[in-house]
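As structure tokens, the structure follows; a few thoughts come after it.
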Amino acid sequence: LQDNLREADALDWTYMNGGHGNVGTHEDIAFHLAFIDDLVAAVGTAMGEVPWGFGVDAETLTAHTAMLPAWYEEIAR
């Protein structure tokens, strides 16, 4: 997504209509790229702070499949 946004931003235009939303500007692309950078950083921080298996009692499991969704849910929270 970021590569596509940067490529579109490098084109010569004043206003962009991407087809599914509001008309945008180069400033809108810059805002969106900054948002993605912030989101990636926040998720990376959460992934480093939330221990694997959070919220799951490993003693009661018969399969490991419950661990990943529980971990993702806590990261998202």
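As shown in the structure tokens, the chain order sets the letters A, B, ...; within each chain, residues go from 1, and ligands are also counted from 1 in the order they appear.
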
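The neighbours of Glu49 of chain A here are the residues that come within 12 Å of it, using only C-alpha atoms and leaving out any residue fewer than 6 positions away in the same chain; they are Ala42, Val43, Trp71, Glu74 and Ile75 of chain A.
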
Identify, on the basis of only C-alpha atoms, every residue whose closest approach to Thr14 of chain A does not exceed 9 Å; exclude the query and any residue fewer than 5 positions from it along the same chain; express the result as a compact mmCIF listing (two decimals) with N, CA and C atoms, in the first residue's frame.
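The resulting file, part14.txt, is reproduced below:
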```txt
# COMPACT_ATOMS: atom_id res chain seq x y z
N GLY A 24 -9.00 13.67 -3.10
CA GLY A 24 -7.89 13.88 -2.19
C GLY A 24 -6.80 14.75 -2.77
N THR A 25 -5.85 15.08 -1.92
CA THR A 25 -4.71 15.91 -2.30
C THR A 25 -3.42 15.19 -1.91
N HIS A 26 -2.31 15.78 -2.31
CA HIS A 26 -1.00 15.23 -1.91
C HIS A 26 -0.86 15.22 -0.38
```

**Asked** Pick the closest to Glu27 of chain A from A:Trp52, A:Leu39, A:Asp9, A:Met67: which is it, counting only C-alpha atoms?
**Response** A:Asp9

**Request:** For His32 of chain A, please output as number ranges by chain all residues within 9 Å (counting only C-alpha atoms; exclusion window: fewer than 4 positions along the same chain).
**Result:** A: 2, 5, 27-28, 36-37

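The closest residue to Ala34 of chain A, picked from A:Pro69, A:Arg6, A:Ala76, A:Tyr15 and counting only C-alpha atoms, is A:Arg6.
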
**Fill in**
Counting only C-alpha atoms, closest pick from A:Ala10, A:Met47, A:Val23, A:Ile29 relative to Leu68 of chain A is A:Met47

**Message:** If DSSP is run on the backbone, what residues of chain A are alpha helix (DSSP H)? A reply as a PyMOL selection string would be ideal.
**Reply:** chain A and resi 2-10+26-49+67-76
